[in-house]
Protein chains: 2
Amino acid sequence: MKRGQLAKRTGCNAETIRYYEKIDLMPEPLRSASGYRQYDETHEQRLRFVMRGRELGFTIEDLKSLLSLVDRNAVSCGEVEKLAKVHLRSVREKIDDLKQMESVLRDTVRSCSGKDVPECALIDTLFGVRR
Amino acid sequence: MKRGQLAKRTGCNAETIRYYEKIDLMPEPLRSASGYRQYDETHEQRLRFVMRGRELGFTIEDLKSLLSLVDRNAVSCGEVEKLAKVHLRSVREKIDDLKQMESVLRDTVRSCSGKDVPECALIDTLFGVRR
DNA sequence: ATAAACCCTGTAGGGACTACAGAGTCAAGG
DNA sequence: CCTTGACTCTGTAGTCCCTACAGGGTTTAT
């Protein structure tokens, strides 16, 4: 498939696909005789992975390193494991924080839908000095 | 405390603090006689909240709106509820996405753990991630 | 055959920072 | 005191991550 179709299928901006290629986050695809990029499912999957990772707050460098797990040019299995563990920890921390946020918001909705305003303390609950 | 100290305590770039003030994400702090910004713990907590929120993938606008729940600028209880519900949904989506990512990484660590094999099964696992 | 709808490249714009230049402030040591 | 160094102020310019043209070639459909 060509760039526009890949864009449509993934919801990614077509220009962004080109940009990701430029910064070596996406590999250079094969070209048709007339120079059009030709993508397949592996490109699509990789792009979806990147998009979701970005939504979740991973940096481009994070994603490059995560994807090196896949590309693994001369990366040993031990290193792969280490890298994955680092990301696993950060993912779990994100989940924990979001769960706290969820509970505060849930309480907010509950108490607000009833009578008058309590002091919803989003920040207090969530962001005392920590970590 | 002054800007540099707040920066050091939170790990935020000192210039970024000024930037957040400019875009009304952080409030203008009091100034000393000579014009230096003076921050207290509430500023620190708010900044931590913002920083973490960014890491969790919230946009600046998300954070402004989320913080309006704290600031409560003449917002009615009904609106607070509506706003909280919107954010609650997006928080839950983030949690779901991260959980998927967590399971992928967990499997990765498991299937990879130990030796130096060239053919890790993690490629399939990682690329199976979809929404 | 010719418009519409794509694709190509390069470049310029916008949002969110980040760094720098030139000037003022402050605490400490000589 | 005076100086020196670390810090702050403002404004502006640069970077990173996209996103949107402009000017051209290609494919598809009528």
# chains A, B, ... in the order shown; residues from 1 in each chain; ligands from 1

call {"tool": "closest_atom_pairs", "arguments": {"of": "chain B", "to": "chain D", "cutoff": "10 Å", "atoms": "only C-alpha atoms (C1' of nucleotides)", "output": "tab-separated table"}}
result
residue	atom	partner	partner_atom	distance
B:Lys2	CA	D:DT8	C1'	8.7
B:Arg3	CA	D:DT8	C1'	8.3
B:Gly4	CA	D:DC7	C1'	8.0
B:Ser34	CA	D:DC9	C1'	9.3
B:Gly35	CA	D:DC9	C1'	7.4
B:Tyr36	CA	D:DT8	C1'	6.4
B:Arg37	CA	D:DT8	C1'	8.7

call {"tool": "select_by_dssp", "arguments": {"residues": "segment 20-105 of chain A", "states": "strand (DSSP E)", "output": "list in words"}}
result
Leu30, Arg31, Arg37 and Gln38 of chain A

call {"tool": "closest_atom_pairs", "arguments": {"of": "chain C", "to": "chain B", "cutoff": "9 Å", "atoms": "only C-alpha atoms (C1' of nucleotides)", "output": "tab-separated table"}}
result
residue	atom	partner	partner_atom	distance
C:DA16	C1'	B:Ile60	CA	8.8
C:DC17	C1'	B:Thr16	CA	6.6
C:DT18	C1'	B:Glu15	CA	6.9
C:DA19	C1'	B:Glu15	CA	8.7
C:DG24	C1'	B:Ser34	CA	8.9
C:DT25	C1'	B:Ser34	CA	7.2

call {"tool": "write_last_selection", "arguments": {"atoms": "N, CA and C atoms (P, O5', C5', C4', C3', O3' and C1' of nucleotides)", "output": "PDB file, in the first residue's frame"}}
result
ATOM      1  P    DA C  16       1.105  23.670  23.231  1.00  0.00           P
ATOM      2  O5'  DA C  16       2.596  23.255  23.615  1.00  0.00           O
ATOM      3  C5'  DA C  16       2.975  21.893  23.547  1.00  0.00           C
ATOM      4  C4'  DA C  16       4.436  21.774  23.889  1.00  0.00           C
ATOM      5  C3'  DA C  16       4.830  22.388  25.246  1.00  0.00           C
ATOM      6  O3'  DA C  16       5.757  21.524  25.889  1.00  0.00           O
ATOM      7  C1'  DA C  16       6.188  23.242  23.580  1.00  0.00           C
ATOM      8  P    DC C  17       5.883  21.505  27.476  1.00  0.00           P
ATOM      9  O5'  DC C  17       6.762  22.816  27.757  1.00  0.00           O
ATOM     10  C5'  DC C  17       8.111  22.703  28.136  1.00  0.00           C
ATOM     11  C4'  DC C  17       9.024  22.524  26.934  1.00  0.00           C
ATOM     12  C3'  DC C  17      10.497  22.681  27.286  1.00  0.00           C
ATOM     13  O3'  DC C  17      11.188  21.489  26.951  1.00  0.00           O
ATOM     14  C1'  DC C  17       9.964  23.876  25.320  1.00  0.00           C
ATOM     15  P    DT C  18      12.492  21.144  27.820  1.00  0.00           P
ATOM     16  O5'  DT C  18      13.587  22.197  27.320  1.00  0.00           O
ATOM     17  C5'  DT C  18      14.295  21.936  26.135  1.00  0.00           C
ATOM     18  C4'  DT C  18      15.291  23.042  25.870  1.00  0.00           C
ATOM     19  C3'  DT C  18      16.142  23.456  27.067  1.00  0.00           C
ATOM     20  O3'  DT C  18      17.475  23.305  26.663  1.00  0.00           O
ATOM     21  C1'  DT C  18      15.308  25.347  25.922  1.00  0.00           C
ATOM     22  P    DA C  19      18.709  23.579  27.613  1.00  0.00           P
ATOM     23  O5'  DA C  19      19.609  24.538  26.720  1.00  0.00           O
ATOM     24  C5'  DA C  19      19.284  24.746  25.362  1.00  0.00           C
ATOM     25  C4'  DA C  19      19.887  26.061  24.909  1.00  0.00           C
ATOM     26  C3'  DA C  19      20.954  26.626  25.828  1.00  0.00           C
ATOM     27  O3'  DA C  19      21.992  27.127  25.003  1.00  0.00           O
ATOM     28  C1'  DA C  19      19.251  28.225  25.542  1.00  0.00           C
ATOM     29  P    DG C  24      21.771  47.576  34.165  1.00  0.00           P
ATOM     30  O5'  DG C  24      21.062  46.812  35.365  1.00  0.00           O
ATOM     31  C5'  DG C  24      19.638  46.709  35.386  1.00  0.00           C
ATOM     32  C4'  DG C  24      19.239  45.738  36.489  1.00  0.00           C
ATOM     33  C3'  DG C  24      19.742  46.110  37.892  1.00  0.00           C
ATOM     34  O3'  DG C  24      18.705  45.880  38.843  1.00  0.00           O
ATOM     35  C1'  DG C  24      20.445  43.933  37.343  1.00  0.00           C
ATOM     36  P    DT C  25      18.937  46.158  40.379  1.00  0.00           P
ATOM     37  O5'  DT C  25      19.294  44.704  40.925  1.00  0.00           O
ATOM     38  C5'  DT C  25      18.249  43.745  41.060  1.00  0.00           C
ATOM     39  C4'  DT C  25      18.710  42.622  41.977  1.00  0.00           C
ATOM     40  C3'  DT C  25      19.155  43.031  43.372  1.00  0.00           C
ATOM     41  O3'  DT C  25      18.580  42.109  44.269  1.00  0.00           O
ATOM     42  C1'  DT C  25      20.825  41.723  42.357  1.00  0.00           C
TER      43       DT C  25
END

call {"tool": "residues_around", "arguments": {"residues": "Asp40 of chain B", "least_positions_apart": "2", "cutoff": "12 Å", "atoms": "only C-alpha atoms (C1' of nucleotides)", "output": "list in words"}}
result
Met1, Lys2, Arg3, Gln5, Leu6, Arg9, Pro27, Glu28, Pro29, Leu30, Arg31, Arg37, Gln38, Thr42, His43, Glu44, Gln45, Arg46 and Leu47 of chain B

call {"tool": "select_by_dssp", "arguments": {"residues": "segment 17-108 of chain B", "states": "helix (DSSP H, G or I)", "output": "PyMOL selection string"}}
result
chain B and resi 17-22+41-55+60-71+77-108

call {"tool": "residues_around", "arguments": {"residues": "Lys94 of chain B", "least_positions_apart": "4", "cutoff": "9 Å", "atoms": "only C-alpha atoms (C1' of nucleotides)", "output": "list of chain:residue names"}}
result
A:Glu55, A:Leu56, A:Ile95, A:Leu98, B:Leu56, B:Gly57, B:Arg89, B:Ser90, B:Leu98, B:Lys99

call {"tool": "closest_residue", "arguments": {"among": "A:Gln100, A:Thr108, A:Thr10, A:Ser32", "to": "chain B", "atoms": "only C-alpha atoms"}}
result
A:Thr108

call {"tool": "atom_distance", "arguments": {"atom1": "atom CA of Ser65 of chain A", "atom2": "atom CA of Arg48 of chain A"}}
result
16.0 Å

call {"tool": "atom_distance", "arguments": {"atom1": "atom CA of Asp62 of chain B", "atom2": "atom CA of Lys85 of chain B"}}
result
12.9 Å

call {"tool": "closest_residue", "arguments": {"among": "B:Ser68, B:Leu88, B:Lys22, B:Val104", "to": "chain A", "atoms": "only C-alpha atoms"}}
result
B:Leu88

call {"tool": "atom_distance", "arguments": {"atom1": "atom C1' of DA21 of chain C", "atom2": "atom CA of Ile23 of chain B"}}
result
23.0 Å
